[in-house]
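For reference, upload.pdb (PDB, C-alpha atoms):
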```pdb
ATOM      1  CA  MET A  51       5.175   8.165  -4.259
ATOM      2  CA  ALA A  52       4.841   6.027  -7.399
ATOM      3  CA  PRO A  53       4.436   7.921 -10.697
ATOM      4  CA  VAL A  54       1.180   7.367 -12.583
ATOM      5  CA  MET A  55       0.074   7.984 -16.166
ATOM      6  CA  HIS A  56      -3.342   8.142 -17.819
ATOM      7  CA  VAL A  57      -3.202   5.753 -20.800
ATOM      8  CA  ARG A  58      -5.518   4.228 -23.400
ATOM      9  CA  PHE A  59      -5.479   0.635 -24.631
ATOM     10  CA  HIS A  60      -8.085  -1.364 -26.537
ATOM     11  CA  ASP A  61     -10.335   1.736 -26.452
ATOM     12  CA  ARG A  62     -10.188   1.780 -22.651
ATOM     13  CA  HIS A  63      -8.963   4.481 -20.336
ATOM     14  CA  ALA A  64      -6.624   3.214 -17.634
ATOM     15  CA  ILE A  65      -4.053   4.302 -15.087
ATOM     16  CA  LEU A  66      -0.512   2.956 -15.302
ATOM     17  CA  LYS A  67       1.286   3.071 -11.963
ATOM     18  CA  VAL A  68       4.970   2.158 -11.926
ATOM     19  CA  TYR A  69       7.272   1.402  -9.017
ATOM     20  CA  ASP A  70      10.595   2.913 -10.040
ATOM     21  CA  ARG A  71      13.312   3.772  -7.517
ATOM     22  CA  ARG A  72      14.549   6.531  -9.831
ATOM     23  CA  CYS A  73      11.302   8.504  -9.642
ATOM     24  CA  GLY A  74       9.416  10.315  -6.921
ATOM     25  CA  THR A  75      10.237  13.681  -5.368
ATOM     26  CA  ASP A  76       9.338  12.832  -1.768
ATOM     27  CA  PHE A  77      10.501   9.245  -2.152
ATOM     28  CA  ARG A  78      14.095  10.227  -2.945
ATOM     29  CA  GLU A  79      14.516  12.680  -0.088
ATOM     30  CA  TYR A  80      17.591  12.920   2.115
ATOM     31  CA  TRP A  81      17.259  15.370   5.007
ATOM     32  CA  ASP A  82      14.418  17.175   3.189
ATOM     33  CA  GLN A  83      16.473  17.461   0.011
ATOM     34  CA  HIS A  84      15.581  15.690  -3.230
ATOM     35  CA  ILE A  85      18.361  13.396  -4.429
ATOM     36  CA  PRO A  86      18.074  12.848  -8.204
ATOM     37  CA  CYS A  87      19.229   9.629  -9.818
ATOM     38  CA  THR A  88      21.975  11.028 -12.050
ATOM     39  CA  THR A  89      23.871   9.205 -14.784
ATOM     40  CA  GLN A  90      26.808   8.788 -12.407
ATOM     41  CA  VAL A  91      24.586   7.381  -9.657
ATOM     42  CA  GLU A  92      22.962   4.923 -12.068
ATOM     43  CA  ALA A  93      26.373   3.774 -13.326
ATOM     44  CA  ALA A  94      27.495   3.155  -9.742
ATOM     45  CA  TYR A  95      24.318   1.175  -9.048
ATOM     46  CA  GLN A  96      24.834  -0.989 -12.152
ATOM     47  CA  SER A  97      28.403  -1.685 -11.011
ATOM     48  CA  PHE A  98      27.016  -2.650  -7.588
ATOM     49  CA  LEU A  99      24.700  -5.162  -9.275
ATOM     50  CA  LYS A 100      27.426  -6.625 -11.490
ATOM     51  CA  LYS A 101      29.585  -7.290  -8.416
ATOM     52  CA  GLY A 102      26.784  -9.415  -6.964
ATOM     53  CA  ALA A 103      26.443  -7.116  -3.973
ATOM     54  CA  MET A 104      22.648  -6.808  -4.089
ATOM     55  CA  GLY A 105      21.837 -10.236  -2.655
ATOM     56  CA  PRO A 106      23.973  -9.817   0.493
ATOM     57  CA  PHE A 107      22.655  -6.261   0.944
ATOM     58  CA  LEU A 108      19.025  -7.426   0.841
ATOM     59  CA  GLU A 109      19.767 -10.199   3.338
ATOM     60  CA  GLU A 110      21.351  -7.609   5.624
ATOM     61  CA  MET A 111      18.269  -5.381   5.353
ATOM     62  CA  ASP A 112      15.940  -8.306   6.063
ATOM     63  CA  ARG A 113      17.919  -9.232   9.190
ATOM     64  CA  ASP A 114      17.982  -5.626  10.358
ATOM     65  CA  GLU A 115      14.231  -5.299   9.886
ATOM     66  CA  ALA A 116      13.538  -8.579  11.678
ATOM     67  CA  THR A 117      15.829  -8.078  14.673
ATOM     68  CA  SER A 118      16.106  -4.327  15.294
ATOM     69  CA  GLU A 119      13.505  -2.389  17.221
ATOM     70  CA  ILE A 120      14.364   0.608  15.024
ATOM     71  CA  PRO A 121      15.624  -0.561  11.583
ATOM     72  CA  SER A 122      18.103   1.564   9.649
ATOM     73  CA  THR A 123      16.627   4.605   7.942
ATOM     74  CA  LEU A 124      17.371   5.693   4.390
ATOM     75  CA  ALA A 125      19.364   8.621   5.776
ATOM     76  CA  GLU A 126      21.519   6.285   7.880
ATOM     77  CA  ILE A 127      22.083   4.007   4.893
ATOM     78  CA  ARG A 128      23.160   6.912   2.708
ATOM     79  CA  GLU A 129      25.562   8.184   5.365
ATOM     80  CA  GLY A 130      27.179   4.760   5.816
ATOM     81  CA  PRO A 131      29.842   2.951   3.743
ATOM     82  CA  ASP A 132      29.046   2.866   0.004
ATOM     83  CA  GLY A 133      26.103   5.068   0.919
ATOM     84  CA  ILE A 134      25.235   6.262  -2.585
ATOM     85  CA  VAL A 135      24.741   2.802  -4.109
ATOM     86  CA  ARG A 136      23.267   1.282  -0.944
ATOM     87  CA  PHE A 137      20.742   4.136  -0.902
ATOM     88  CA  GLU A 138      19.699   3.153  -4.449
ATOM     89  CA  ALA A 139      19.541  -0.505  -3.451
ATOM     90  CA  ALA A 140      17.349   0.356  -0.455
ATOM     91  CA  LEU A 141      15.029   2.364  -2.708
ATOM     92  CA  TRP A 142      14.750  -0.620  -5.051
ATOM     93  CA  ARG A 143      13.832  -2.817  -2.082
ATOM     94  CA  ILE A 144      11.073  -0.411  -1.048
ATOM     95  CA  THR A 145       9.588  -0.107  -4.547
ATOM     96  CA  ASN A 146       9.721  -3.879  -4.997
ATOM     97  CA  GLN A 147       7.901  -4.412  -1.694
ATOM     98  CA  ASP A 148       5.319  -1.762  -2.589
ATOM     99  CA  PHE A 149       4.578  -3.368  -5.956
ATOM    100  CA  ARG A 150       4.241  -6.847  -4.502
ATOM    101  CA  THR A 151       2.013  -5.590  -1.693
ATOM    102  CA  GLU A 152      -0.338  -3.728  -4.028
ATOM    103  CA  ALA A 153      -0.496  -6.662  -6.445
ATOM    104  CA  GLU A 154      -1.343  -8.989  -3.548
ATOM    105  CA  VAL A 155      -4.079  -6.660  -2.309
ATOM    106  CA  TYR A 156      -5.761  -6.763  -5.716
ATOM    107  CA  GLU A 157      -5.434 -10.549  -5.749
ATOM    108  CA  ARG A 158      -7.099 -10.818  -2.338
ATOM    109  CA  LEU A 159      -9.818  -8.263  -3.075
ATOM    110  CA  LYS A 160     -10.993  -9.557  -6.445
ATOM    111  CA  ASP A 161     -14.610  -9.537  -5.287
ATOM    112  CA  LEU A 162     -14.392  -5.780  -4.607
ATOM    113  CA  GLU A 163     -12.990  -4.831  -8.033
ATOM    114  CA  GLY A 164     -15.363  -2.496  -9.818
ATOM    115  CA  VAL A 165     -17.371  -2.155  -6.591
ATOM    116  CA  SER A 166     -15.171  -0.243  -4.164
ATOM    117  CA  ILE A 167     -11.705  -0.590  -5.710
ATOM    118  CA  PRO A 168     -10.727  -0.116  -9.372
ATOM    119  CA  LYS A 169     -10.648  -3.089 -11.725
ATOM    120  CA  LEU A 170      -7.150  -4.443 -12.205
ATOM    121  CA  TYR A 171      -6.313  -4.961 -15.877
ATOM    122  CA  ALA A 172      -2.730  -6.239 -15.738
ATOM    123  CA  LEU A 173       0.561  -6.434 -13.903
ATOM    124  CA  VAL A 174       3.269  -4.789 -15.996
ATOM    125  CA  ARG A 175       7.025  -5.278 -16.530
ATOM    126  CA  VAL A 176       9.101  -2.513 -18.091
ATOM    127  CA  VAL A 177      12.410  -3.995 -19.233
ATOM    128  CA  ALA A 178      15.223  -1.627 -20.155
ATOM    129  CA  PRO A 179      16.580  -1.958 -23.729
ATOM    130  CA  GLY A 180      19.570  -4.266 -23.780
ATOM    131  CA  ALA A 181      18.991  -5.504 -20.241
ATOM    132  CA  THR A 182      20.389  -8.949 -19.496
ATOM    133  CA  PRO A 183      17.658 -11.506 -18.701
ATOM    134  CA  ALA A 184      17.652 -12.427 -15.022
ATOM    135  CA  SER A 185      15.805 -14.833 -12.796
ATOM    136  CA  PRO A 186      12.911 -13.319 -10.814
ATOM    137  CA  LYS A 187      14.971 -13.561  -7.618
ATOM    138  CA  GLU A 188      17.805 -11.530  -9.155
ATOM    139  CA  ASP A 189      15.832  -9.124 -11.309
ATOM    140  CA  TYR A 190      16.942  -5.806  -9.849
ATOM    141  CA  GLN A 191      16.583  -3.673 -12.988
ATOM    142  CA  THR A 192      13.094  -4.403 -14.300
ATOM    143  CA  VAL A 193      10.496  -1.784 -13.352
ATOM    144  CA  TYR A 194       7.162  -3.276 -12.336
ATOM    145  CA  GLY A 195       3.758  -1.655 -12.457
ATOM    146  CA  ILE A 196       0.020  -2.151 -12.389
ATOM    147  CA  LEU A 197      -2.560  -1.165 -14.984
ATOM    148  CA  PHE A 198      -5.974  -0.486 -13.517
ATOM    149  CA  GLU A 199      -9.317   1.131 -14.234
ATOM    150  CA  HIS A 200      -9.432   4.895 -14.655
ATOM    151  CA  ILE A 201     -12.137   6.420 -12.464
ATOM    152  CA  GLN A 202     -13.633   9.593 -13.941
ATOM    153  CA  GLU A 203     -13.873  11.725 -10.810
ATOM    154  CA  THR A 204     -16.384  14.239  -9.511
ATOM    155  CA  ARG A 205     -17.109  16.156  -6.300
ATOM    156  CA  PRO A 206     -20.406  16.127  -4.392
ATOM    157  CA  ALA A 207     -22.394  19.364  -4.429
ATOM    158  CA  THR A 208     -24.822  19.023  -1.527
ATOM    159  CA  GLN A 209     -24.655  18.109   2.143
ATOM    160  CA  GLU A 210     -26.765  15.020   1.469
ATOM    161  CA  ASP A 211     -24.398  13.867  -1.271
ATOM    162  CA  TRP A 212     -21.350  14.408   0.938
ATOM    163  CA  THR A 213     -22.954  12.504   3.808
ATOM    164  CA  SER A 214     -23.889   9.511   1.663
ATOM    165  CA  LEU A 215     -20.520   9.440  -0.074
ATOM    166  CA  ILE A 216     -18.414   9.551   3.083
ATOM    167  CA  GLN A 217     -20.486   6.868   4.802
ATOM    168  CA  ARG A 218     -19.976   4.587   1.805
ATOM    169  CA  ALA A 219     -16.224   5.282   1.877
ATOM    170  CA  ILE A 220     -16.185   4.354   5.577
ATOM    171  CA  ASP A 221     -18.083   1.164   4.772
ATOM    172  CA  ALA A 222     -15.650   0.370   1.945
ATOM    173  CA  THR A 223     -12.648   0.465   4.277
ATOM    174  CA  TYR A 224     -14.492  -1.856   6.640
ATOM    175  CA  GLU A 225     -15.025  -4.343   3.809
ATOM    176  CA  VAL A 226     -11.260  -4.312   3.228
ATOM    177  CA  ASN A 227     -10.594  -4.900   6.945
ATOM    178  CA  LYS A 228     -13.123  -7.768   6.961
ATOM    179  CA  ARG A 229     -11.034  -9.497   4.321
ATOM    180  CA  GLY A 230      -7.962  -9.439   6.552
ATOM    181  CA  ILE A 231      -6.234  -6.321   5.239
ATOM    182  CA  ILE A 232      -5.335  -3.123   7.113
ATOM    183  CA  LEU A 233      -4.463   0.003   5.140
ATOM    184  CA  ASP A 234      -1.336   1.674   6.514
ATOM    185  CA  ASP A 235      -2.013   4.659   4.251
ATOM    186  CA  SER A 236      -5.656   5.656   4.712
ATOM    187  CA  SER A 237      -6.942   9.193   4.246
ATOM    188  CA  PRO A 238      -9.348  11.172   2.031
ATOM    189  CA  ARG A 239      -6.667  11.362  -0.673
ATOM    190  CA  ASN A 240      -6.998   7.584  -1.061
ATOM    191  CA  VAL A 241     -10.634   7.901  -2.161
ATOM    192  CA  VAL A 242     -11.858   8.862  -5.634
ATOM    193  CA  VAL A 243     -15.520   9.400  -6.508
ATOM    194  CA  LYS A 244     -16.881   7.983  -9.763
ATOM    195  CA  ALA A 245     -18.787  10.696 -11.628
ATOM    196  CA  SER A 246     -21.438   8.436 -13.166
ATOM    197  CA  THR A 247     -22.488   6.735  -9.916
ATOM    198  CA  TYR A 248     -21.138   8.840  -7.037
ATOM    199  CA  GLN A 249     -19.568   5.605  -5.819
ATOM    200  CA  PRO A 250     -16.350   6.021  -3.767
ATOM    201  CA  PHE A 251     -13.370   3.894  -4.800
ATOM    202  CA  LEU A 252     -10.364   3.209  -2.605
ATOM    203  CA  VAL A 253      -6.965   3.500  -4.293
ATOM    204  CA  ASP A 254      -3.271   3.098  -3.409
ATOM    205  CA  PHE A 255      -2.572  -0.156  -1.582
ATOM    206  CA  ALA A 256       1.223  -0.245  -1.501
ATOM    207  CA  GLN A 257       1.337   0.076   2.292
ATOM    208  CA  CYS A 258      -0.883  -2.614   3.817
ATOM    209  CA  PHE A 259      -0.805  -5.322   6.468
ATOM    210  CA  PHE A 260      -2.205  -8.824   5.908
ATOM    211  CA  LYS A 261      -3.822 -10.727   8.759
ATOM    212  CA  ASP A 262      -2.142 -14.062   8.079
ATOM    213  CA  LYS A 263       1.294 -12.468   7.800
ATOM    214  CA  LEU A 264       0.812 -10.412  10.958
ATOM    215  CA  ILE A 265      -0.265 -13.494  12.896
ATOM    216  CA  ARG A 266       2.737 -15.439  11.578
ATOM    217  CA  LYS A 267       5.024 -12.586  12.639
ATOM    218  CA  TRP A 268       3.487 -12.486  16.124
ATOM    219  CA  VAL A 269       3.825 -16.249  16.492
ATOM    220  CA  ASN A 270       7.454 -16.247  15.331
ATOM    221  CA  SER A 271       8.331 -13.376  17.678
ATOM    222  CA  GLY A 272       6.885 -15.180  20.679
ATOM    223  CA  VAL A 273       4.062 -12.710  21.266
ATOM    224  CA  ALA A 274       1.498 -15.467  20.823
ATOM    225  CA  ALA A 275       3.026 -17.486  23.667
ATOM    226  CA  GLU A 276       2.870 -14.687  26.243
ATOM    227  CA  GLY A 277      -0.663 -15.369  27.459
ATOM    228  CA  GLN A 278      -3.277 -18.074  27.726
ATOM    229  CA  GLY A 279      -5.931 -18.132  25.046
ATOM    230  CA  TRP A 280      -4.063 -15.863  22.640
ATOM    231  CA  ASP A 281      -6.337 -15.057  19.688
ATOM    232  CA  GLY A 282      -4.738 -14.027  16.409
ATOM    233  CA  ASP A 283      -8.002 -12.716  14.971
ATOM    234  CA  ALA A 284      -8.607 -10.586  18.066
ATOM    235  CA  ASN A 285      -5.096  -9.145  17.890
ATOM    236  CA  PHE A 286      -5.571  -8.349  14.217
ATOM    237  CA  CYS A 287      -8.819  -6.536  15.018
ATOM    238  CA  GLU A 288      -7.085  -4.534  17.739
ATOM    239  CA  ALA A 289      -4.406  -3.523  15.228
ATOM    240  CA  ALA A 290      -7.122  -2.511  12.752
ATOM    241  CA  ASP A 291      -8.843  -0.496  15.480
ATOM    242  CA  THR A 292      -5.568   1.272  16.311
ATOM    243  CA  LEU A 293      -4.901   2.304  12.706
ATOM    244  CA  ASP A 294      -8.619   3.122  12.328
ATOM    245  CA  ASN A 295      -8.943   3.146   8.531
ATOM    246  CA  SER A 296     -12.588   4.213   8.705
ATOM    247  CA  GLY A 297     -11.898   7.050  11.127
ATOM    248  CA  THR A 298      -8.907   8.454   9.263
ATOM    249  CA  ILE A 299     -11.196   9.003   6.283
ATOM    250  CA  GLY A 300     -14.467   9.900   8.016
ATOM    251  CA  GLN A 301     -13.164  12.130  10.788
ATOM    252  CA  SER A 302     -10.841  14.002   8.440
ATOM    253  CA  MET A 303     -13.760  14.747   6.133
ATOM    254  CA  VAL A 304     -15.959  15.900   9.041
ATOM    255  CA  ARG A 305     -13.342  18.530   9.887
ATOM    256  CA  ARG A 306     -12.947  19.588   6.251
ATOM    257  CA  LEU A 307     -16.683  19.943   5.679
ATOM    258  CA  LYS A 308     -17.070  21.966   8.870
ATOM    259  CA  LYS A 309     -14.244  24.289   7.855
ATOM    260  CA  SER A 310     -15.174  24.637   4.169
ATOM    261  CA  PHE A 311     -18.976  24.575   4.211
ATOM    262  CA  GLY A 312     -19.942  25.173   7.821
ATOM    263  CA  PHE A 313     -22.045  22.046   8.292
ATOM    264  CA  THR A 314     -21.500  19.074  10.591
ATOM    265  CA  VAL A 315     -22.342  15.498   9.684
ATOM    266  CA  GLU A 316     -22.339  12.304  11.722
ATOM    267  CA  PHE A 317     -21.362   8.863  10.536
ATOM    268  CA  ARG A 318     -21.564   5.314  11.750
ATOM    269  CA  TYR A 319     -18.148   3.802  12.387
ATOM    270  CA  PRO A 320     -17.701   0.035  12.752
ATOM    271  CA  LYS A 321     -16.787  -1.310  16.185
ATOM    272  CA  VAL A 322     -13.875  -3.643  16.811
ATOM    273  CA  GLU A 323     -16.342  -6.225  18.142
ATOM    274  CA  GLU A 324     -18.169  -6.183  14.795
ATOM    275  CA  LEU A 325     -14.936  -6.737  12.912
ATOM    276  CA  LEU A 326     -13.941  -9.671  15.117
ATOM    277  CA  ARG A 327     -17.388 -11.226  14.697
ATOM    278  CA  ASP A 328     -17.334 -10.834  10.908
ATOM    279  CA  ILE A 329     -13.769 -12.115  10.568
ATOM    280  CA  SER A 330     -14.444 -15.098  12.823
ATOM    281  CA  SER A 331     -17.665 -15.988  11.012
ATOM    282  CA  GLY A 332     -15.909 -15.657   7.660
ATOM    283  CA  ALA A 333     -13.160 -18.033   8.778
ATOM    284  CA  ALA A 334     -15.781 -20.491  10.033
ATOM    285  CA  LEU A 335     -17.559 -20.440   6.677
ATOM    286  CA  LYS A 336     -14.274 -21.195   4.887
ATOM    287  CA  ASP A 337     -13.704 -24.180   7.172
ATOM    288  CA  LEU A 338     -17.121 -25.564   6.218
ATOM    289  CA  LYS A 339     -16.394 -25.455   2.499
TER     290      LYS A 339
END
```

Output the file's structure as structure tokens, nothing else.
Amino acid sequence: MAPVMHVRFHDRHAILKVYDRRCGTDFREYWDQHIPCTTQVEAAYQSFLKKGAMGPFLEEMDRDEATSEIPSTLAEIREGPDGIVRFEAALWRITNQDFRTEAEVYERLKDLEGVSIPKLYALVRVVAPGATPASPKEDYQTVYGILFEHIQETRPATQEDWTSLIQRAIDATYEVNKRGIILDDSSPRNVVVKASTYQPFLVDFAQCFFKDKLIRKWVNSGVAAEGQGWDGDANFCEAADTLDNSGTIGQSMVRRLKKSFGFTVEFRYPKVEELLRDISSGAALKDLK
């Protein structure tokens, strides 16, 4: 969804990923039709901001998301009153959430940088020329981005290489889950293979769930009070098992290898009991420090 660019700085190769509501073919779809951000649309959006309408709109979206079983879709927003500008405002909200989520993932996974996720070099702000300075809470025009390590990719050539690579990718997703993060977007396309080491790296973390935030949401919604001995860690592990980050990568690749090369490989997938044990022991170690 977010546009990316291969850049060089200080003799390094890097990837610049920006979260811009104006960009993205699939992102700006309305009933399977791409809706470009034209000059007229942008002018209407700027007028919307100048009227101070963005704050109330975001509060409305937050309430809708918190109280509705099925929150409003982008199509419904576009078809409603002031649909054109509210559509742009909703896109800004999504890109802002995606940036903040991905930045938080890198903050929480610092120990995995350069090991199974790319190294993060910087968080980036792209300010439009002549833009009026705004407080962070009202900054609806600045485009944010992340600058991270460029991974020179390769593809395995043998069955043994494929088997080793995919198992390590499965293990990498488990390490992310152990640290209290579930990937909502997990598939082979989210894995790149470093040419020099054959090490798989996970990429794209804009859609993720955090254990502490999920538990807080469950507590606030009353789910935690529905039964005796409710265990937030156990519920998180069940959610991780349902989304099955390891399986969405491993099982997809098993099918692809069978179809493309005719061989079948088997992998070890982590069990939900293992995840609960590792998460619980990790929390216990933190309490001892």

query: Contacts of region 242-257 of chain A at 9 Å or less, counting all atoms listed in the file, minus same-chain residues fewer than 4 places along, as JSON, numbers by chain?
result: {"A": [145, 147, 148, 149, 150, 151, 152, 153, 155, 156, 164, 165, 166, 167, 168, 201, 202, 203, 204, 205, 206, 211, 215, 216, 218, 219, 222, 223, 232, 233, 234, 235, 236, 238]}

task: Give me the residues within 7 Å of region 192-200 of chain A as JSON, numbers by chain, counting all atoms listed in the file and dropping any in the same chain fewer than 6 places off.
output: {"A": [63, 64, 65, 66, 67, 68, 69, 70, 149, 168, 169, 170, 171, 172, 173, 174, 175, 176, 177, 178]}

statement: Residue with the minimum atom-to-atom distance to Asp328 (chain A), picked from A:Asn227, A:Ser302, A:Thr292, A:Asn285 with all atoms listed in the file counted, is A:Asn227

Answer key for the PyMOL selection byres ((chain A and resi 123) around 12), residues as a count of residues only: 23

Minimum-distance residue to Glu157 (chain A), chosen among A:Met303, A:Ile231, A:Ala274, A:Ala103 (using only C-alpha atoms):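 That would be A:Ile231, the residue with the smallest distance to Glu157 (chain A).
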
Take the PyMOL selection byres ((chain A and resi 95) around 12), run it mentally on this structure, and tell me the resulting residues as an mmCIF file with C-alpha atoms, keeping the file's coordinate frame.
```cif
data_model
loop_
_atom_site.group_PDB
_atom_site.id
_atom_site.type_symbol
_atom_site.label_atom_id
_atom_site.label_comp_id
_atom_site.auth_asym_id
_atom_site.auth_seq_id
_atom_site.Cartn_x
_atom_site.Cartn_y
_atom_site.Cartn_z
ATOM 1 C CA ARG A 71 13.312 3.772 -7.517
ATOM 2 C CA ARG A 72 14.549 6.531 -9.831
ATOM 3 C CA CYS A 87 19.229 9.629 -9.818
ATOM 4 C CA THR A 88 21.975 11.028 -12.050
ATOM 5 C CA THR A 89 23.871 9.205 -14.784
ATOM 6 C CA GLN A 90 26.808 8.788 -12.407
ATOM 7 C CA VAL A 91 24.586 7.381 -9.657
ATOM 8 C CA GLU A 92 22.962 4.923 -12.068
ATOM 9 C CA ALA A 93 26.373 3.774 -13.326
ATOM 10 C CA ALA A 94 27.495 3.155 -9.742
ATOM 11 C CA GLN A 96 24.834 -0.989 -12.152
ATOM 12 C CA SER A 97 28.403 -1.685 -11.011
ATOM 13 C CA PHE A 98 27.016 -2.650 -7.588
ATOM 14 C CA LEU A 99 24.700 -5.162 -9.275
ATOM 15 C CA LYS A 100 27.426 -6.625 -11.490
ATOM 16 C CA LYS A 101 29.585 -7.290 -8.416
ATOM 17 C CA GLY A 102 26.784 -9.415 -6.964
ATOM 18 C CA ALA A 103 26.443 -7.116 -3.973
ATOM 19 C CA MET A 104 22.648 -6.808 -4.089
ATOM 20 C CA ASP A 132 29.046 2.866 0.004
ATOM 21 C CA GLY A 133 26.103 5.068 0.919
ATOM 22 C CA ILE A 134 25.235 6.262 -2.585
ATOM 23 C CA VAL A 135 24.741 2.802 -4.109
ATOM 24 C CA ARG A 136 23.267 1.282 -0.944
ATOM 25 C CA PHE A 137 20.742 4.136 -0.902
ATOM 26 C CA GLU A 138 19.699 3.153 -4.449
ATOM 27 C CA ALA A 139 19.541 -0.505 -3.451
ATOM 28 C CA ALA A 140 17.349 0.356 -0.455
ATOM 29 C CA LEU A 141 15.029 2.364 -2.708
ATOM 30 C CA TRP A 142 14.750 -0.620 -5.051
ATOM 31 C CA TYR A 190 16.942 -5.806 -9.849
ATOM 32 C CA GLN A 191 16.583 -3.673 -12.988
#
```

query: Which distance in Å separates CA of Phe260 (chain A) and CA of Val226 (chain A), to one decimal?
result: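 According to the coordinates, CA of Phe260 (chain A) and CA of Val226 (chain A) are separated by 10.5 Å.
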
- prompt: In Å, how far is it from CA of Pro106 (chain A) to CA of Asn146 (chain A)?
  reply: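 If I compute the distance from CA of Pro106 (chain A) to CA of Asn146 (chain A), I get 16.4 Å.
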